[in-house]
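**Student:** Below is structure-v3.tsv; it holds TSV, C-alpha atoms.
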chain	number	residue	atom	x	y	z
A	1	VAL	CA	-5.58	-20.70	10.39
A	2	PRO	CA	-4.80	-18.02	7.79
A	3	ARG	CA	-5.02	-14.44	8.96
A	4	MET	CA	-7.44	-12.37	6.93
A	5	LEU	CA	-7.20	-8.96	5.34
A	6	GLY	CA	-7.23	-6.12	7.85
A	7	LEU	CA	-6.80	-3.03	5.70
A	8	LEU	CA	-7.38	-1.63	2.26
A	9	VAL	CA	-6.09	1.85	1.54
A	10	GLN	CA	-6.79	3.41	-1.85
A	11	ALA	CA	-4.79	6.59	-2.11
A	12	SER	CA	-4.02	9.04	-4.88
A	13	LEU	CA	-2.52	11.61	-2.52
A	14	LEU	CA	0.68	11.58	-0.49
A	15	LEU	CA	0.33	9.89	2.87
A	16	PRO	CA	1.13	12.56	5.49
A	17	VAL	CA	3.79	11.86	8.06
A	18	HIS	CA	2.39	10.31	11.21
A	19	GLU	CA	2.85	12.15	14.51
A	20	ALA	CA	4.61	9.11	15.98
A	21	ALA	CA	7.11	8.84	13.12
A	22	LYS	CA	10.63	9.39	14.45
A	23	VAL	CA	12.78	7.93	11.67
A	24	SER	CA	13.90	10.33	8.95
A	25	PHE	CA	15.88	7.78	6.95
A	26	LEU	CA	16.53	4.07	6.77
A	27	GLN	CA	19.99	2.54	6.52
A	28	HIS	CA	20.46	-0.86	4.96
A	29	SER	CA	23.11	-2.42	2.79
A	30	MET	CA	21.55	-5.57	1.35
A	31	ASN	CA	18.05	-6.39	0.15
A	32	SER	CA	16.41	-9.82	0.27
A	33	SER	CA	17.81	-10.81	-3.11
A	34	GLY	CA	21.35	-10.31	-1.82
A	35	THR	CA	22.12	-7.36	-4.09
A	36	GLN	CA	23.52	-4.07	-2.89
A	37	GLY	CA	20.83	-1.62	-1.82
A	38	PRO	CA	20.95	2.15	-1.22
A	39	GLU	CA	22.76	3.13	1.98
A	40	HIS	CA	20.33	5.92	2.75
A	41	ILE	CA	16.71	6.10	1.67
A	42	GLU	CA	15.15	9.43	2.54
A	43	LEU	CA	11.64	9.48	3.95
A	44	HIS	CA	10.85	13.18	3.75
A	45	GLN	CA	9.55	14.39	7.10
A	46	LEU	CA	6.82	16.93	6.47
A	47	PRO	CA	5.55	18.99	9.42
A	48	VAL	CA	2.41	17.71	11.10
A	49	VAL	CA	-0.51	19.84	9.98
A	50	PRO	CA	-3.04	20.66	12.75
A	51	LYS	CA	-6.52	19.31	12.19
A	52	ALA	CA	-8.75	21.74	10.33
A	53	CYS	CA	-11.52	21.11	12.84
A	54	PRO	CA	-11.58	19.22	16.16
A	55	HIS	CA	-14.97	17.66	15.49
A	56	CYS	CA	-15.25	16.90	11.79
A	57	CYS	CA	-16.06	13.19	11.80
A	58	TYR	CA	-19.53	11.75	11.36
A	59	HIS	CA	-21.39	8.48	11.73
A	60	GLY	CA	-24.30	9.00	9.39
A	61	GLU	CA	-25.56	12.45	10.36
A	62	LYS	CA	-24.23	12.23	13.91
A	63	GLU	CA	-21.02	14.04	14.84
A	64	VAL	CA	-18.56	11.68	16.57
A	65	ASP	CA	-14.97	11.74	17.78
A	66	CYS	CA	-12.43	11.11	15.04
A	67	LEU	CA	-10.38	7.92	15.07
A	68	ASP	CA	-7.17	8.24	17.09
A	69	VAL	CA	-4.75	6.10	15.10
A	70	ASP	CA	-2.19	5.95	17.92
A	71	GLN	CA	-4.73	4.61	20.41
A	72	CYS	CA	-6.07	2.21	17.80
A	73	ALA	CA	-2.55	0.99	16.93
A	74	ALA	CA	-1.91	0.14	20.59
A	75	LYS	CA	-4.54	-2.59	20.23
A	76	GLY	CA	-2.79	-4.15	17.23
A	77	PRO	CA	0.06	-6.70	17.21
A	78	ALA	CA	3.49	-5.38	18.15
A	79	ASN	CA	5.21	-7.50	15.49
A	80	GLY	CA	2.50	-8.09	12.91
A	81	LYS	CA	2.90	-9.49	9.42
A	82	TYR	CA	1.96	-6.91	6.80
A	83	ALA	CA	1.80	-6.46	3.04
A	84	ILE	CA	1.83	-3.37	0.83
A	85	VAL	CA	0.10	-3.90	-2.51
A	86	MET	CA	-0.04	-1.99	-5.79
A	87	SER	CA	-1.73	-2.83	-9.09
A	88	TYR	CA	-1.03	-2.12	-12.74
A	89	PHE	CA	-3.23	-2.60	-15.79
A	90	GLY	CA	-1.98	-2.60	-19.37
A	91	LYS	CA	1.37	-3.22	-21.01
A	92	PRO	CA	4.11	-2.61	-18.41
A	93	ARG	CA	6.11	0.55	-19.02
A	94	ASP	CA	9.39	1.85	-17.67
A	95	GLY	CA	8.88	4.38	-14.92
A	96	MET	CA	5.78	2.69	-13.48
A	97	LEU	CA	7.33	2.72	-9.99
A	98	PRO	CA	8.54	6.31	-9.55
A	99	TYR	CA	8.69	6.22	-5.72
A	100	ILE	CA	9.54	2.58	-5.09
A	101	GLN	CA	12.52	3.49	-2.88
A	102	SER	CA	10.26	5.29	-0.41
A	103	MET	CA	7.84	2.33	-0.44
A	104	GLU	CA	10.70	-0.09	0.20
A	105	ALA	CA	11.87	2.05	3.12
A	106	ALA	CA	8.35	2.25	4.59
A	107	ALA	CA	7.96	-1.52	4.21
A	108	ALA	CA	11.23	-2.12	6.07
A	109	LEU	CA	10.04	0.08	8.94
A	110	ALA	CA	6.75	-1.87	9.05
A	111	ASN	CA	8.40	-5.07	10.28
A	112	ASN	CA	9.74	-5.81	6.78
A	113	ALA	CA	6.33	-5.86	5.12
A	114	ASP	CA	6.02	-7.74	1.83
A	115	ILE	CA	5.49	-5.69	-1.34
A	116	PHE	CA	3.26	-6.96	-4.15
A	117	MET	CA	2.24	-5.83	-7.63
A	118	VAL	CA	-1.09	-7.18	-8.92
A	119	MET	CA	-1.13	-7.60	-12.70
A	120	MET	CA	-3.08	-9.52	-15.28
A	121	LYS	CA	-1.20	-12.55	-16.57
A	122	SER	CA	-1.79	-11.27	-20.10
A	123	ASP	CA	0.04	-8.04	-19.15
A	124	SER	CA	2.86	-9.35	-16.96
A	125	LYS	CA	4.09	-11.64	-19.74
A	126	HIS	CA	5.18	-8.49	-21.60
A	127	MET	CA	7.52	-7.35	-18.81
A	128	THR	CA	11.04	-6.65	-20.03
A	129	ALA	CA	14.19	-8.00	-18.41
A	130	SER	CA	15.00	-4.58	-16.93
A	131	GLN	CA	11.51	-4.29	-15.41
A	132	LYS	CA	11.86	-7.72	-13.81
A	133	GLU	CA	15.26	-6.68	-12.44
A	134	LEU	CA	13.67	-3.55	-10.94
A	135	PHE	CA	11.06	-5.68	-9.16
A	136	GLN	CA	13.74	-8.00	-7.80
A	137	LYS	CA	15.98	-5.14	-6.69
A	138	HIS	CA	13.22	-3.56	-4.60
A	139	ARG	CA	11.62	-6.80	-3.32
A	140	VAL	CA	8.42	-6.38	-5.35
A	141	GLN	CA	6.63	-9.72	-5.75
A	142	LEU	CA	4.47	-10.19	-8.84
A	143	LEU	CA	0.92	-11.38	-8.12
A	144	ASP	CA	-0.51	-12.65	-11.42
A	145	VAL	CA	-4.32	-12.71	-11.67
A	146	ASP	CA	-6.78	-13.99	-14.26
A	147	TRP	CA	-9.29	-11.12	-14.32
A	148	ASP	CA	-9.40	-7.36	-13.97
A	149	THR	CA	-13.17	-6.95	-13.79
A	150	PRO	CA	-15.08	-9.68	-11.91
A	151	PRO	CA	-16.41	-12.39	-14.26
A	152	ASN	CA	-20.05	-11.82	-15.28
A	153	MET	CA	-20.01	-8.43	-13.59
A	154	LYS	CA	-23.20	-6.39	-13.90
A	155	GLY	CA	-22.86	-2.92	-15.35
A	156	TYR	CA	-19.82	-3.80	-17.47
A	157	LYS	CA	-19.06	-1.14	-20.08
A	158	GLU	CA	-17.45	-1.65	-23.45
A	159	GLY	CA	-14.82	0.76	-24.66
A	160	GLY	CA	-12.52	3.06	-22.72
A	161	TRP	CA	-13.30	3.37	-19.01
A	162	CYS	CA	-11.48	3.07	-15.70
A	163	GLY	CA	-13.16	-0.14	-14.55
A	164	HIS	CA	-10.24	-2.39	-15.49
A	165	GLN	CA	-7.64	-0.51	-13.46
A	166	ASP	CA	-10.07	0.03	-10.58
A	167	PHE	CA	-11.65	-3.39	-10.15
A	168	ILE	CA	-8.39	-5.32	-10.44
A	169	ARG	CA	-7.72	-3.98	-6.93
A	170	LEU	CA	-10.44	-6.27	-5.57
A	171	HIS	CA	-7.87	-9.08	-5.56
A	172	VAL	CA	-6.31	-7.41	-2.52
A	173	LEU	CA	-9.41	-8.34	-0.51
A	174	GLY	CA	-8.68	-12.02	-1.09
A	175	MET	CA	-5.13	-12.01	0.29
A	176	GLU	CA	-4.59	-14.18	3.35
A	177	GLY	CA	-1.77	-14.80	5.80
A	178	TYR	CA	-1.35	-11.18	6.91
A	179	ASP	CA	-2.48	-9.20	9.95
A	180	ALA	CA	-3.16	-6.25	7.64
A	181	VAL	CA	-2.80	-5.44	3.95
A	182	ALA	CA	-2.52	-1.90	2.58
A	183	TYR	CA	-3.22	-0.89	-1.01
A	184	TYR	CA	-1.46	2.16	-2.47
A	185	ASP	CA	-1.33	3.57	-5.98
A	186	THR	CA	2.03	3.29	-7.73
A	187	ASP	CA	2.57	7.08	-7.67
A	188	ILE	CA	2.52	7.40	-3.88
A	189	GLU	CA	5.66	8.78	-2.22
A	190	PHE	CA	5.80	7.70	1.42
A	191	GLN	CA	6.49	10.43	3.95
A	192	GLY	CA	7.07	8.45	7.14
A	193	ASP	CA	6.39	5.34	9.18
A	194	ILE	CA	3.05	3.69	8.28
A	195	THR	CA	3.31	1.03	11.01
A	196	PRO	CA	0.70	2.71	13.28
A	197	VAL	CA	-1.84	2.62	10.44
A	198	LEU	CA	-1.14	-1.06	9.78
A	199	ARG	CA	-1.32	-1.96	13.48
A	200	CYS	CA	-4.63	-0.12	13.75
A	201	ALA	CA	-6.02	-2.05	10.79
A	202	ALA	CA	-4.77	-5.31	12.29
A	203	SER	CA	-6.92	-4.63	15.36
A	204	GLY	CA	-10.00	-5.13	13.18
A	205	LYS	CA	-10.47	-1.74	11.50
A	206	PHE	CA	-11.09	-1.15	7.79
A	207	LEU	CA	-9.42	2.13	6.81
A	208	SER	CA	-9.76	3.96	3.52
A	209	THR	CA	-9.01	7.35	1.97
A	210	ASN	CA	-10.63	9.02	-1.00
A	211	GLY	CA	-8.74	9.50	-4.24
A	212	GLY	CA	-7.68	12.89	-5.48
Once you've parsed the file, please lay out its structure as structure tokens.

**Tutor:**
Amino acid sequence: VPRMLGLLVQASLLLPVHEAAKVSFLQHSMNSSGTQGPEHIELHQLPVVPKACPHCCYHGEKEVDCLDVDQCAAKGPANGKYAIVMSYFGKPRDGMLPYIQSMEAAAALANNADIFMVMMKSDSKHMTASQKELFQKHRVQLLDVDWDTPPNMKGYKEGGWCGHQDFIRLHVLGMEGYDAVAYYDTDIEFQGDITPVLRCAASGKFLSTNGG
């Protein structure tokens, strides 16, 4: 029985370091393709910022306790199968993965999570040899899709708008075979271990952040 999606995170801000994160760098010598990888990948450890307010979470208009990710993660699988997903719309360009080393390091800490890039087939066919080599070097799997906006979508706008790059992310909701799947923008630099967030999502939670 395929395991269904447990998490979708849309983020345009840096993910802050988790209180439980203890690893400041990851050492590895070979990636899955058998090529030499960086010996040290830094995951910058930012100080934990105290909460601005102890009671700032709401359910409707009712004030409730905020989600404790550590307690939630304890209910998730100890060795879950996870995926980290990005998306790209338009002709591929060099420099589209500025922080891929930090993502690769975070994926390795998260029980060697798979990394995917969602792209339209009409766009991915324009990838250059060097771009394909970059994907292979950092274990990024290409997930080709047929549409960016859902077929026959109501409210479709002609001309320049953000719908194409936004709605293509919906494909993440259809991914199966993972305990949890996390979506991040391509310009996210990871600051620590995201495993607690993934384990929390795998317990049945849907977690999301706002863009910025």

**Student:** What does the structure give for the distance between CA of Ser130 in chain A and CA of Gly95 in chain A, in Å to one decimal?

**Tutor:**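 Computed distance, CA of Ser130 in chain A to CA of Gly95 in chain A, equals 11.0 Å.
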
**Student:** Can you tell me how far CA of Asp148 in chain A sits from CA of Ala202 in chain A, in Å to one decimal?

**Tutor:** 26.7 Å

**Student:** What does the distance between CA of Ala182 in chain A and CA of Ile84 in chain A come to in Å, to one decimal place?

**Tutor:** 4.9 Å

**Student:** I'd like to know which of A:Lys205, A:Tyr58, A:Met103, A:Met96 is closest to Met127 in chain A, using all atoms listed in the file.

**Tutor:**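 Answer, going by the shortest atom-to-atom distance: A:Met96.
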
**Student:** Residues within 6 Å of Arg199 in chain A, please, as a list in words. Count only C-alpha atoms; anything in the same chain fewer than 3 positions from it doesn't count.

**Tutor:** Ala73, Gly76, Pro196 and Ala202 of chain A

**Student:** Need the shell around range 193-195 of chain A: protein/DNA/RNA residues with any atom at most 6 Å away, counting all atoms listed in the file. Skip same-chain ones fewer than 2 positions apart. Format as a PDB file with C-alpha atoms, in the coordinates of the input?

**Tutor:**
ATOM      1  CA  ALA A  21       7.110   8.840  13.120  1.00  0.00           C
ATOM      2  CA  ALA A 106       8.350   2.250   4.590  1.00  0.00           C
ATOM      3  CA  ALA A 110       6.750  -1.870   9.050  1.00  0.00           C
ATOM      4  CA  VAL A 197      -1.840   2.620  10.440  1.00  0.00           C
ATOM      5  CA  LEU A 198      -1.140  -1.060   9.780  1.00  0.00           C
TER       6      LEU A 198
END

**Student:** Which residue is closest to Leu173 in chain A? Choose from A:Val85, A:Glu158, A:Ile100, A:Thr209 and count all atoms listed in the file.

**Tutor:**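 That would be A:Val85, the residue with the smallest distance to Leu173 in chain A.
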
**Student:** Calculated over only C-alpha atoms, which of the candidates A:Cys66, A:Cys162, A:Leu109, A:Ala129 has the smallest distance to Phe89 in chain A?

**Tutor:** A:Cys162

**Student:** Compare A:Tyr156, A:Tyr178, A:Phe116, A:Phe190 by their minimum atom-to-atom distance to Asp144 in chain A, counting all atoms listed in the file, and give me the closest one.

**Tutor:**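 Using all atoms listed in the file, the shortest distance to Asp144 in chain A belongs to A:Phe116.
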
**Student:** Padding 5 Å on every side, please: axis-aligned box over the listed atoms of range 65-84 of chain A, centre and edge lengths to one decimal in Å, as AutoDock Vina command-line options.

**Tutor:**
--center_x -4.9 --center_y 1.1 --center_z 10.7 --size_x 30.2 --size_y 31.2 --size_z 29.8

**Student:** Using only C-alpha atoms for the distances, tell me which of A:Arg139, A:Lys75, A:His171, A:Lys62 is nearest to Ser87 in chain A.

**Tutor:**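 Closest to Ser87 in chain A, using only C-alpha atoms: A:His171.
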
**Student:** Might you pull out every residue within 10 Å of range 92-94 of chain A, with only C-alpha atoms counted and same-chain residues fewer than 2 positions away left off, and present them as a ChimeraX atom specification?

**Tutor:** /A:88-90,96-98,119,123-128,130-131,134
